[in-house]
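As stored in entry.cif (mmCIF, C-alpha atoms):
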data_run
#
loop_
_atom_site.label_atom_id
_atom_site.label_comp_id
_atom_site.auth_asym_id
_atom_site.auth_seq_id
_atom_site.Cartn_x
_atom_site.Cartn_y
_atom_site.Cartn_z
CA MET A 1 0.00 0.00 0.00
CA ARG A 2 1.33 3.39 -1.02
CA LEU A 3 0.23 6.86 -0.08
CA PRO A 4 -1.69 8.40 -2.99
CA ARG A 5 -0.34 11.28 -5.03
CA ALA A 6 -1.52 14.58 -3.64
CA PRO A 7 -2.96 17.23 -5.98
CA SER A 8 -0.43 19.85 -6.99
CA LEU A 9 -0.74 23.51 -6.05
CA GLU A 10 -1.59 24.21 -9.70
CA GLU A 11 -4.48 21.70 -9.54
CA LEU A 12 -5.77 23.25 -6.32
CA ARG A 13 -5.66 26.73 -7.86
CA ALA A 14 -7.51 25.47 -10.94
CA HIS A 15 -10.37 24.30 -8.68
CA THR A 16 -10.48 27.48 -6.58
CA PRO A 17 -12.98 29.90 -8.13
CA GLY A 18 -12.71 33.66 -7.96
CA ILE A 19 -15.20 35.66 -5.88
CA SER A 20 -16.85 38.72 -7.42
CA PRO A 21 -17.12 41.96 -5.44
CA VAL A 22 -20.54 43.26 -4.44
CA SER A 23 -22.05 45.39 -7.20
CA ASP A 24 -22.00 49.16 -6.84
CA GLY A 25 -25.18 50.62 -5.42
CA VAL A 26 -26.16 47.53 -3.44
CA ALA A 27 -27.11 48.23 0.18
CA ARG A 28 -24.48 46.60 2.40
CA PRO A 29 -25.18 45.57 5.99
CA PHE A 30 -22.37 44.92 8.44
CA TRP A 31 -23.14 41.17 8.60
CA SER A 32 -24.11 38.47 6.15
CA VAL A 33 -25.12 35.26 7.91
CA MET A 34 -25.25 32.64 5.16
CA ILE A 35 -26.61 29.23 6.12
CA PRO A 36 -25.74 26.38 3.71
CA THR A 37 -27.97 23.36 4.27
CA TYR A 38 -28.47 19.91 2.82
CA ASN A 39 -30.94 17.48 4.39
CA SER A 40 -30.46 19.15 7.78
CA GLY A 41 -33.87 17.99 8.98
CA PRO A 42 -35.05 19.35 12.35
CA PHE A 43 -31.66 20.89 13.12
CA LEU A 44 -32.16 23.73 10.62
CA ARG A 45 -35.01 25.15 12.72
CA ARG A 46 -32.73 25.36 15.76
CA THR A 47 -30.00 26.97 13.66
CA LEU A 48 -32.34 29.66 12.37
CA GLU A 49 -33.85 30.29 15.79
CA SER A 50 -30.39 30.82 17.29
CA VAL A 51 -29.57 33.44 14.64
CA LEU A 52 -32.93 35.20 14.89
CA ARG A 53 -32.43 35.59 18.64
CA GLU A 54 -29.26 37.59 17.83
CA ASP A 55 -30.74 39.53 14.89
CA PRO A 56 -30.03 43.27 15.27
CA ARG A 57 -32.20 44.41 12.30
CA PRO A 58 -32.24 43.95 8.49
CA GLU A 59 -30.12 47.07 7.92
CA GLN A 60 -27.30 45.48 9.92
CA MET A 61 -27.63 41.78 9.05
CA GLN A 62 -28.48 39.77 5.96
CA ILE A 63 -29.73 36.26 6.79
CA GLU A 64 -30.10 33.73 3.98
CA VAL A 65 -30.38 29.96 3.64
CA VAL A 66 -28.63 28.38 0.65
CA ASP A 67 -30.05 24.92 0.04
CA GLY A 68 -27.78 22.43 -1.73
CA CYS A 69 -30.80 20.76 -3.37
CA SER A 70 -32.09 18.86 -0.32
CA THR A 71 -33.91 15.61 -1.03
CA GLU A 72 -35.30 14.67 2.38
CA ASP A 73 -36.92 17.81 3.79
CA ASP A 74 -38.40 21.16 2.78
CA PRO A 75 -36.12 23.96 3.99
CA GLU A 76 -37.92 26.60 1.91
CA ARG A 77 -41.18 25.96 3.73
CA LEU A 78 -39.39 26.19 7.08
CA VAL A 79 -37.77 29.50 6.09
CA GLU A 80 -41.17 30.91 5.07
CA GLU A 81 -42.77 29.73 8.32
CA LEU A 82 -40.03 30.76 10.72
CA GLY A 83 -38.52 33.71 8.91
CA ALA A 84 -41.76 35.52 8.04
CA GLY A 85 -39.95 37.38 5.27
CA ARG A 86 -36.84 38.12 7.36
CA ILE A 87 -34.76 35.21 6.01
CA GLY A 88 -33.82 34.88 2.34
CA PHE A 89 -33.82 31.54 0.57
CA HIS A 90 -31.92 30.23 -2.46
CA ARG A 91 -32.06 26.67 -3.77
CA LEU A 92 -29.35 25.22 -6.00
CA SER A 93 -30.49 23.26 -9.05
CA GLN A 94 -28.21 20.37 -8.12
CA ASN A 95 -25.86 19.34 -5.33
CA ARG A 96 -22.25 19.80 -6.40
CA GLY A 97 -20.67 19.29 -3.01
CA PRO A 98 -20.26 21.47 0.07
CA ALA A 99 -17.47 23.68 -1.28
CA HIS A 100 -19.66 24.75 -4.20
CA THR A 101 -22.51 25.59 -1.80
CA PHE A 102 -20.11 27.65 0.34
CA ASN A 103 -18.95 29.56 -2.74
CA VAL A 104 -22.50 30.33 -3.80
CA SER A 105 -23.14 31.55 -0.26
CA ILE A 106 -20.21 33.96 -0.53
CA GLU A 107 -21.31 35.22 -3.94
CA ARG A 108 -24.83 35.88 -2.66
CA SER A 109 -23.64 37.71 0.46
CA ARG A 110 -23.84 41.51 0.63
CA GLY A 111 -22.39 42.24 4.07
CA HIS A 112 -18.95 43.58 4.86
CA TRP A 113 -18.38 40.62 7.22
CA LEU A 114 -19.52 37.10 6.43
CA HIS A 115 -20.45 34.24 8.75
CA ILE A 116 -21.09 30.87 7.08
CA LEU A 117 -23.11 28.80 9.55
CA HIS A 118 -23.92 25.18 8.70
CA GLY A 119 -27.58 24.24 8.81
CA ASP A 120 -27.13 21.94 11.82
CA ASP A 121 -24.94 24.25 13.96
CA MET A 122 -25.94 27.16 16.23
CA VAL A 123 -24.68 30.39 17.76
CA MET A 124 -24.78 31.31 21.44
CA SER A 125 -26.10 34.53 22.88
CA GLY A 126 -23.74 37.42 22.18
CA PHE A 127 -21.98 35.81 19.19
CA TYR A 128 -22.20 38.76 16.82
CA ARG A 129 -21.64 41.41 19.50
CA ALA A 130 -18.45 39.69 20.66
CA TYR A 131 -17.10 39.25 17.14
CA ALA A 132 -17.98 42.86 16.21
CA ALA A 133 -16.09 44.05 19.29
CA MET A 134 -12.98 42.12 18.23
CA ILE A 135 -13.31 43.46 14.67
CA ALA A 136 -13.31 46.99 16.09
CA ALA A 137 -10.38 46.22 18.41
CA GLN A 138 -8.24 44.61 15.68
CA PRO A 139 -8.98 46.52 12.43
CA GLN A 140 -5.98 44.95 10.66
CA ALA A 141 -7.48 41.45 10.99
CA LYS A 142 -9.59 40.08 8.16
CA MET A 143 -10.58 36.85 9.89
CA ILE A 144 -11.88 36.49 13.46
CA LEU A 145 -11.85 33.03 15.05
CA GLY A 146 -13.35 31.45 18.14
CA GLN A 147 -13.54 28.06 19.80
CA ALA A 148 -16.72 25.99 19.54
CA VAL A 149 -18.66 23.91 22.04
CA LYS A 150 -19.59 20.47 20.70
CA ILE A 151 -23.24 19.46 21.09
CA ASP A 152 -25.26 16.32 20.34
CA GLU A 153 -28.68 15.78 18.71
CA ALA A 154 -30.44 17.09 21.83
CA ASP A 155 -28.31 20.26 22.11
CA ARG A 156 -26.41 18.84 25.10
CA TRP A 157 -22.84 20.12 25.50
CA THR A 158 -20.38 17.25 25.03
CA GLY A 159 -17.02 18.98 24.91
CA LEU A 160 -14.93 21.86 23.63
CA TYR A 161 -13.06 21.93 20.35
CA GLY A 162 -9.80 23.46 21.46
CA ALA A 163 -7.05 22.70 18.96
CA ALA A 164 -5.86 26.23 19.74
CA VAL A 165 -6.31 28.28 22.91
CA PRO A 166 -7.09 31.95 22.23
CA PRO A 167 -4.78 34.62 23.64
CA VAL A 168 -5.88 35.84 27.08
CA GLY A 169 -8.58 38.42 26.47
CA GLY A 170 -8.55 37.61 22.74
CA GLY A 171 -6.48 39.29 20.04
CA ILE A 172 -3.98 38.52 17.29
CA MET A 173 -2.36 35.05 17.06
CA ASP A 174 1.05 35.67 15.49
CA ASP A 175 1.89 32.02 14.74
CA PHE A 176 -1.50 31.09 13.28
CA VAL A 177 -0.23 30.24 9.78
CA ALA A 178 2.54 27.89 10.96
CA ARG A 179 0.14 26.08 13.28
CA GLN A 180 -2.79 25.96 10.84
CA ALA A 181 -0.50 24.48 8.19
CA VAL A 182 -0.36 21.11 9.95
CA ARG A 183 -3.51 21.08 12.08
CA GLN A 184 -7.07 22.35 11.80
CA LEU A 185 -7.28 24.86 14.65
CA VAL A 186 -10.87 26.04 14.42
CA LEU A 187 -14.29 24.75 13.40
CA PHE A 188 -16.25 26.36 10.57
CA ASN A 189 -19.00 27.98 12.63
CA GLY A 190 -16.51 29.83 14.85
CA VAL A 191 -15.09 31.85 11.93
CA VAL A 192 -16.14 35.20 10.43
CA VAL A 193 -14.33 36.71 7.44
CA ARG A 194 -14.29 40.10 5.76
CA ARG A 195 -15.93 39.63 2.40
CA ASP A 196 -13.18 41.44 0.51
CA ALA A 197 -10.69 38.88 1.87
CA TYR A 198 -12.59 36.13 0.04
CA GLU A 199 -12.51 38.33 -3.06
CA GLN A 200 -8.72 38.52 -2.78
CA VAL A 201 -7.84 34.88 -1.98
CA GLY A 202 -10.63 33.16 -3.93
CA GLY A 203 -13.35 30.75 -2.89
CA PHE A 204 -13.28 27.31 -1.32
CA CYS A 205 -11.35 24.70 -3.31
CA THR A 206 -13.89 22.31 -4.83
CA LEU A 207 -11.43 19.38 -4.80
CA PHE A 208 -11.95 19.19 -1.03
CA HIS A 209 -15.05 18.04 0.85
CA HIS A 210 -13.81 17.49 4.39
CA VAL A 211 -10.95 20.03 4.60
CA ALA A 212 -12.14 22.89 2.37
CA ASP A 213 -12.28 25.10 5.47
CA TRP A 214 -8.81 24.03 6.69
CA ASP A 215 -7.40 25.02 3.30
CA MET A 216 -9.33 28.31 3.30
CA TRP A 217 -8.36 29.44 6.81
CA PHE A 218 -4.70 28.78 5.98
CA ARG A 219 -4.89 30.88 2.81
CA LEU A 220 -6.68 33.69 4.62
CA GLY A 221 -4.07 33.55 7.40
CA GLN A 222 -1.35 34.09 4.82
CA HIS A 223 -3.28 37.07 3.47
CA ALA A 224 -3.85 39.09 6.67
CA PRO A 225 -3.56 38.94 10.49
CA VAL A 226 -5.94 36.63 12.36
CA ALA A 227 -7.63 37.51 15.66
CA TRP A 228 -9.50 35.41 18.23
CA VAL A 229 -12.43 36.17 20.50
CA PRO A 230 -11.59 35.21 24.11
CA ARG A 231 -14.19 32.47 24.63
CA PRO A 232 -16.53 30.14 22.67
CA TYR A 233 -19.70 31.56 21.13
CA ALA A 234 -20.39 28.79 18.56
CA LEU A 235 -22.14 25.42 18.94
CA TYR A 236 -20.94 22.59 16.69
CA ARG A 237 -23.31 19.65 16.32
CA ILE A 238 -22.09 16.06 16.01
CA HIS A 239 -24.75 13.53 15.04
CA ALA A 240 -25.06 10.20 13.25
CA GLU A 241 -26.15 11.69 9.91
CA SER A 242 -23.55 14.44 9.79
CA ASP A 243 -21.20 14.69 6.83
CA THR A 244 -18.26 14.35 9.21
CA ASN A 245 -19.44 10.94 10.40
CA ARG A 246 -19.91 9.69 6.83
CA GLN A 247 -16.40 10.77 5.90
CA ARG A 248 -14.94 8.93 8.87
CA SER A 249 -16.37 5.67 7.50
CA THR A 250 -14.66 6.12 4.13
CA ALA A 251 -11.52 7.66 5.71
CA SER A 252 -11.81 10.55 3.26
CA ASN A 253 -11.22 12.81 6.26
CA ILE A 254 -7.72 11.34 6.71
CA ARG A 255 -7.02 11.28 2.99
CA GLU A 256 -7.90 14.95 2.55
CA SER A 257 -6.04 15.95 5.72
CA TYR A 258 -2.91 14.33 4.26
CA PHE A 259 -3.42 16.28 1.04
CA VAL A 260 -4.04 19.67 2.64
CA VAL A 261 -1.05 19.49 4.99
CA GLY A 262 1.20 18.66 2.05
CA ALA A 263 -0.22 21.61 0.11
CA ASN A 264 0.19 24.00 3.05
CA LEU A 265 3.81 23.01 3.64
CA ALA A 266 4.50 23.46 -0.07
CA ARG A 267 2.99 26.95 0.09
CA LEU A 268 5.22 27.81 3.04
CA ASN A 269 8.25 26.58 1.10
CA GLY A 270 10.40 25.87 4.15
CA GLN A 271 9.17 28.79 6.25
CA VAL A 272 7.83 26.48 8.98
CA SER A 273 10.33 24.99 11.42
CA LYS A 274 11.29 21.31 11.32
CA ALA A 275 9.94 20.86 14.86
CA GLN A 276 6.53 22.10 13.73
CA ALA A 277 6.44 20.19 10.45
CA GLU A 278 7.75 16.76 11.45
CA PRO A 279 5.12 15.43 13.91
CA TRP A 280 2.06 15.96 11.70
CA ARG A 281 2.18 12.59 9.93
CA SER A 282 2.55 10.72 13.21
CA GLU A 283 -0.29 12.73 14.78
CA LEU A 284 -2.55 12.05 11.80
CA ALA A 285 -1.75 8.33 11.99
CA VAL A 286 -2.64 8.28 15.70
CA TYR A 287 -5.90 10.08 14.95
CA ALA A 288 -6.79 7.56 12.22
CA GLU A 289 -5.95 4.67 14.55
CA SER A 290 -8.10 6.04 17.38
CA THR A 291 -10.96 6.70 14.95
CA ALA A 292 -10.78 3.09 13.74
CA TRP A 293 -11.46 1.86 17.28
CA GLN A 294 -14.42 4.24 17.65
CA LEU A 295 -16.30 3.12 14.55
CA ASP A 296 -18.91 0.35 14.65
CA ASN A 297 -18.73 -0.82 11.02
CA LEU A 298 -15.83 -3.02 9.91
CA GLU A 299 -15.33 -1.28 6.56
CA GLY A 300 -14.90 2.08 8.29
CA ARG A 301 -12.52 0.63 10.87
CA TYR A 302 -10.47 -1.01 8.10
CA ASN A 303 -10.29 2.20 6.05
CA GLN A 304 -9.05 4.22 9.03
CA ALA A 305 -6.59 1.50 10.11
CA ARG A 306 -5.24 1.29 6.57
CA TRP A 307 -4.43 5.00 6.57
CA ALA A 308 -2.84 4.77 10.02
CA TRP A 309 -0.50 2.08 8.73
CA MET A 310 0.31 3.93 5.48
CA LEU A 311 1.11 7.15 7.33
CA GLN A 312 3.32 5.48 9.93
CA PRO A 313 3.85 1.72 9.48
CA THR A 314 4.28 -0.26 12.69
CA LEU A 315 3.89 -3.96 13.43
CA PRO A 316 0.88 -3.52 15.79
CA ARG A 317 -0.90 -1.44 13.13
CA LEU A 318 -0.18 -4.09 10.48
CA VAL A 319 -1.56 -6.82 12.75
CA HIS A 320 -4.68 -4.75 13.44
CA LEU A 321 -5.14 -4.09 9.72
CA LEU A 322 -4.79 -7.77 8.79
CA LYS A 323 -7.29 -8.81 11.46
CA LEU A 324 -9.84 -6.35 10.13
CA TRP A 325 -9.20 -7.48 6.55
CA LEU A 326 -9.72 -11.10 7.57
CA LYS A 327 -12.96 -10.32 9.38
CA ILE A 328 -14.29 -8.51 6.31
CA ARG A 329 -13.30 -11.38 3.99
CA LEU A 330 -14.89 -13.99 6.24
CA GLY A 331 -18.06 -11.90 6.51
CA ARG A 332 -18.38 -11.73 2.73
CA THR A 333 -18.02 -15.49 2.23
CA ARG A 334 -20.77 -16.41 4.70
#

Represent the structure contained in this file as structure tokens.
Amino acid sequence: MRLPRAPSLEELRAHTPGISPVSDGVARPFWSVMIPTYNSGPFLRRTLESVLREDPRPEQMQIEVVDGCSTEDDPERLVEELGAGRIGFHRLSQNRGPAHTFNVSIERSRGHWLHILHGDDMVMSGFYRAYAAMIAAQPQAKMILGQAVKIDEADRWTGLYGAAVPPVGGGIMDDFVARQAVRQLVLFNGVVVRRDAYEQVGGFCTLFHHVADWDMWFRLGQHAPVAWVPRPYALYRIHAESDTNRQRSTASNIRESYFVVGANLARLNGQVSKAQAEPWRSELAVYAESTAWQLDNLEGRYNQARWAWMLQPTLPRLVHLLKLWLKIRLGRTR
């Protein structure tokens, strides 16, 4: 088994669309809250309710749902019922993957600052006030980040995503780019971006499904300073039908992580220290190995274990991989 060839930087650029500026004469609020959704079911209602509770007024905030051609629910009807004309709605003619839906969301936004909030995530009270305060305090920053609290199907808090700890009191993180190169530091719903920054670096790369945000935050970090709010204001939902869970079963999350780290290090061209760059493959292998033990289905466990062994071959990982392969083979012959 060999590690697959990663896409080149030229290939990534070819699949990264440009973003058009807002047309002259268009009224521009401070915020655009764009909510991409695809078969989000009952979670979309909770997402919209959380935003509406924070809604200042239409002159200050655009709110719009962008539906990636859902097949199992009716988000337009929910928007009409709940939004009462306050929430816009746009439905794509076909689903072309999450990155495409994100890019359409950016193109349709009118605000100076853009928050892309997945249709199964939520914001806490004070989200937009806290981020606006950091924007005012750090005018040189074009991306504001924050940690996220993980929640389950019933909105219960289950943990904190803390791959990076914000500076005390919030503020600029000077080493963001070097750290983001080899590890995803922040979840999607904890990020707001100045719209003109997307115009300058381009949209989300459509070659990626699982790590399109990792790639984007790294590129934005290279473009301008990055600031953090001091505490979590975002709620990130983990549930059985989430896209993240599906990708764990195919191990596409590990595959794409391997690709994006390679691309980021190539973009840095030796600017990151050896101490920062070296451990990433080992850490990714450990993550794949631990994920394999968490999954219930044998195919998913095998896929994760296979990547763990390819990234960092060891005898225990080979034994684990062979056992899983044998179980799958025996199951198919029965």

Among the residues A:Ala263, A:Gln294, A:Tyr131, A:Tyr258, the one that comes closest to A:Met310 [using only C-alpha atoms]: A:Tyr258

Residues matched by the PyMOL selection byres ((chain A and resi 68) around 6), written as a PyMOL selection string: chain A and resi 38+67+69-70+92+95

Selected residue of minimal separation from A:Ala234 among A:Arg45, A:Arg13, A:Arg129, A:Lys150, counting only C-alpha atoms: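 With only C-alpha atoms as the atom set, the closest residue is A:Lys150.
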
Output of the PyMOL selection byres ((chain A and resi 208) around 10), listed as a VMD selection string: chain A and resid 12 15 97 to 99 204 to 207 209 to 215 252 to 253 256 to 257 259 to 260

Interatomic distance, atom CA of A:Thr37 to atom CA of A:Asp73 (Å, one decimal):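 Distance between the two atoms: 10.5 Å.
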
Selection result of the PyMOL selection byres ((chain A and resi 306) around 10) on this file, as a VMD selection string: chain A and resid 1 251 285 288 to 289 292 300 to 305 307 to 311 313 317 to 318 320 to 322 324 to 325

Residues near stretch 46-61 of chain A, cut-off 12 Å, only C-alpha atoms, skip fewer than 5 positions along chain, as a PyMOL selection string: chain A and resi 27-37+40-41+75+78-88+109-130+132+153-155+189+233-237

Atom-to-atom span, atom CA of A:Pro17 and atom CA of A:Glu64, Å: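 Between atom CA of A:Pro17 and atom CA of A:Glu64 the gap is 21.3 Å.
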
Might I get the box with edges along x, y and z of the file that holds all atoms of stretch 290-293 of chain A listed there, padded by 4 Å on every side, given as centre and edge lengths in Å to one decimal, as lines of an AutoDock Vina configuration file?
center_x = -9.8
center_y = 4.3
center_z = 15.6
size_x = 11.4
size_y = 12.8
size_z = 11.6

What's the 12 Å shell around A:Arg183, counting only C-alpha atoms, without same-chain residues fewer than 3 positions away, as an mmCIF file with C-alpha atoms, in the frame of the given file?
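The result, written out as selection04.cif:
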data_model
loop_
_atom_site.group_PDB
_atom_site.id
_atom_site.type_symbol
_atom_site.label_atom_id
_atom_site.label_comp_id
_atom_site.auth_asym_id
_atom_site.auth_seq_id
_atom_site.Cartn_x
_atom_site.Cartn_y
_atom_site.Cartn_z
ATOM 1 C CA GLY A 162 -9.800 23.460 21.460
ATOM 2 C CA ALA A 163 -7.050 22.700 18.960
ATOM 3 C CA ALA A 164 -5.860 26.230 19.740
ATOM 4 C CA PHE A 176 -1.500 31.090 13.280
ATOM 5 C CA VAL A 177 -0.230 30.240 9.780
ATOM 6 C CA ALA A 178 2.540 27.890 10.960
ATOM 7 C CA ARG A 179 0.140 26.080 13.280
ATOM 8 C CA GLN A 180 -2.790 25.960 10.840
ATOM 9 C CA VAL A 186 -10.870 26.040 14.420
ATOM 10 C CA LEU A 187 -14.290 24.750 13.400
ATOM 11 C CA VAL A 211 -10.950 20.030 4.600
ATOM 12 C CA ASP A 213 -12.280 25.100 5.470
ATOM 13 C CA TRP A 214 -8.810 24.030 6.690
ATOM 14 C CA ASP A 215 -7.400 25.020 3.300
ATOM 15 C CA TRP A 217 -8.360 29.440 6.810
ATOM 16 C CA PHE A 218 -4.700 28.780 5.980
ATOM 17 C CA ILE A 254 -7.720 11.340 6.710
ATOM 18 C CA SER A 257 -6.040 15.950 5.720
ATOM 19 C CA TYR A 258 -2.910 14.330 4.260
ATOM 20 C CA VAL A 260 -4.040 19.670 2.640
ATOM 21 C CA VAL A 261 -1.050 19.490 4.990
ATOM 22 C CA GLY A 262 1.200 18.660 2.050
ATOM 23 C CA ASN A 264 0.190 24.000 3.050
ATOM 24 C CA LEU A 265 3.810 23.010 3.640
ATOM 25 C CA GLN A 276 6.530 22.100 13.730
ATOM 26 C CA ALA A 277 6.440 20.190 10.450
ATOM 27 C CA PRO A 279 5.120 15.430 13.910
ATOM 28 C CA TRP A 280 2.060 15.960 11.700
ATOM 29 C CA ARG A 281 2.180 12.590 9.930
ATOM 30 C CA GLU A 283 -0.290 12.730 14.780
ATOM 31 C CA LEU A 284 -2.550 12.050 11.800
ATOM 32 C CA TYR A 287 -5.900 10.080 14.950
#

Proximity to A:Thr16 - best of A:Pro166, A:Pro4, A:Gly202, A:Pro139, all atoms listed in the file: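 Among the listed residues, the smallest separation from A:Thr16 belongs to A:Gly202.
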
Atom CA of A:Gln271 to atom CA of A:Pro167, straight-line distance in Å: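 About the pair atom CA of A:Pro167 and atom CA of A:Gln271: they are 23.0 Å apart.
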
Selected residue, from A:Tyr161, A:Phe89, A:Trp293, A:Phe43, that lies nearest to A:Gly190 when counting all atoms listed in the file: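 Of A:Tyr161, A:Phe89, A:Trp293, A:Phe43, the one nearest A:Gly190, counting all atoms listed in the file, is A:Tyr161.
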
Non-local contacts of A:Val229 (7 Å; all atoms listed in the file; under 3 positions in same chain excluded) as a PyMOL selection string: chain A and resi 130-131+134+145-146+170-171

Using all atoms listed in the file: which of A:Met143, A:Met173, A:Leu315, A:Ile19 has the shortest distance to A:Ala224: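 When distances to A:Ala224 are compared using all atoms listed in the file, the smallest one comes from A:Met143.
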
Counting only C-alpha atoms, the option among A:Arg267, A:Ser282, A:Val165, A:Gln312 closest to A:Glu10: A:Arg267

How would stretch 129-148 of chain A look with N, CA and C atoms restored, written as a PDB file, in the frame of the given file?
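The new file part_6.pdb reads:
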ATOM      1  N   ARG A 129     -22.172  40.274  18.734  1.00  0.00           N
ATOM      2  CA  ARG A 129     -21.640  41.410  19.500  1.00  0.00           C
ATOM      3  C   ARG A 129     -20.177  41.193  19.853  1.00  0.00           C
ATOM      4  N   ALA A 130     -19.839  39.978  20.281  1.00  0.00           N
ATOM      5  CA  ALA A 130     -18.450  39.690  20.660  1.00  0.00           C
ATOM      6  C   ALA A 130     -17.516  39.764  19.463  1.00  0.00           C
ATOM      7  N   TYR A 131     -17.946  39.223  18.329  1.00  0.00           N
ATOM      8  CA  TYR A 131     -17.100  39.250  17.140  1.00  0.00           C
ATOM      9  C   TYR A 131     -16.973  40.681  16.599  1.00  0.00           C
ATOM     10  N   ALA A 132     -18.055  41.460  16.658  1.00  0.00           N
ATOM     11  CA  ALA A 132     -17.980  42.860  16.210  1.00  0.00           C
ATOM     12  C   ALA A 132     -17.022  43.654  17.095  1.00  0.00           C
ATOM     13  N   ALA A 133     -17.003  43.356  18.386  1.00  0.00           N
ATOM     14  CA  ALA A 133     -16.090  44.050  19.290  1.00  0.00           C
ATOM     15  C   ALA A 133     -14.640  43.735  18.953  1.00  0.00           C
ATOM     16  N   MET A 134     -14.353  42.480  18.604  1.00  0.00           N
ATOM     17  CA  MET A 134     -12.980  42.120  18.230  1.00  0.00           C
ATOM     18  C   MET A 134     -12.611  42.737  16.881  1.00  0.00           C
ATOM     19  N   ILE A 135     -13.555  42.808  15.964  1.00  0.00           N
ATOM     20  CA  ILE A 135     -13.310  43.460  14.670  1.00  0.00           C
ATOM     21  C   ILE A 135     -12.907  44.922  14.902  1.00  0.00           C
ATOM     22  N   ALA A 136     -13.625  45.591  15.798  1.00  0.00           N
ATOM     23  CA  ALA A 136     -13.310  46.990  16.090  1.00  0.00           C
ATOM     24  C   ALA A 136     -11.957  47.130  16.796  1.00  0.00           C
ATOM     25  N   ALA A 137     -11.628  46.142  17.648  1.00  0.00           N
ATOM     26  CA  ALA A 137     -10.380  46.220  18.410  1.00  0.00           C
ATOM     27  C   ALA A 137      -9.156  45.872  17.567  1.00  0.00           C
ATOM     28  N   GLN A 138      -9.357  45.057  16.521  1.00  0.00           N
ATOM     29  CA  GLN A 138      -8.240  44.610  15.680  1.00  0.00           C
ATOM     30  C   GLN A 138      -8.564  44.904  14.207  1.00  0.00           C
ATOM     31  N   PRO A 139      -8.552  46.165  13.794  1.00  0.00           N
ATOM     32  CA  PRO A 139      -8.980  46.520  12.430  1.00  0.00           C
ATOM     33  C   PRO A 139      -8.092  45.943  11.337  1.00  0.00           C
ATOM     34  N   GLN A 140      -6.858  45.521  11.683  1.00  0.00           N
ATOM     35  CA  GLN A 140      -5.980  44.950  10.660  1.00  0.00           C
ATOM     36  C   GLN A 140      -6.343  43.501  10.339  1.00  0.00           C
ATOM     37  N   ALA A 141      -7.108  42.853  11.195  1.00  0.00           N
ATOM     38  CA  ALA A 141      -7.480  41.450  10.990  1.00  0.00           C
ATOM     39  C   ALA A 141      -8.608  41.349   9.963  1.00  0.00           C
ATOM     40  N   LYS A 142      -8.520  40.336   9.128  1.00  0.00           N
ATOM     41  CA  LYS A 142      -9.590  40.080   8.160  1.00  0.00           C
ATOM     42  C   LYS A 142     -10.313  38.765   8.437  1.00  0.00           C
ATOM     43  N   MET A 143      -9.896  38.068   9.475  1.00  0.00           N
ATOM     44  CA  MET A 143     -10.580  36.850   9.890  1.00  0.00           C
ATOM     45  C   MET A 143     -10.566  36.813  11.422  1.00  0.00           C
ATOM     46  N   ILE A 144     -11.742  36.586  12.007  1.00  0.00           N
ATOM     47  CA  ILE A 144     -11.880  36.490  13.460  1.00  0.00           C
ATOM     48  C   ILE A 144     -12.321  35.067  13.784  1.00  0.00           C
ATOM     49  N   LEU A 145     -11.607  34.428  14.717  1.00  0.00           N
ATOM     50  CA  LEU A 145     -11.850  33.030  15.050  1.00  0.00           C
ATOM     51  C   LEU A 145     -12.323  32.902  16.496  1.00  0.00           C
ATOM     52  N   GLY A 146     -12.960  31.762  16.775  1.00  0.00           N
ATOM     53  CA  GLY A 146     -13.350  31.450  18.140  1.00  0.00           C
ATOM     54  C   GLY A 146     -13.506  29.948  18.299  1.00  0.00           C
ATOM     55  N   GLN A 147     -13.325  29.475  19.522  1.00  0.00           N
ATOM     56  CA  GLN A 147     -13.540  28.060  19.800  1.00  0.00           C
ATOM     57  C   GLN A 147     -15.028  27.736  19.678  1.00  0.00           C
ATOM     58  N   ALA A 148     -15.339  26.439  19.641  1.00  0.00           N
ATOM     59  CA  ALA A 148     -16.720  25.990  19.540  1.00  0.00           C
ATOM     60  C   ALA A 148     -16.999  24.914  20.581  1.00  0.00           C
TER      61      ALA A 148
END
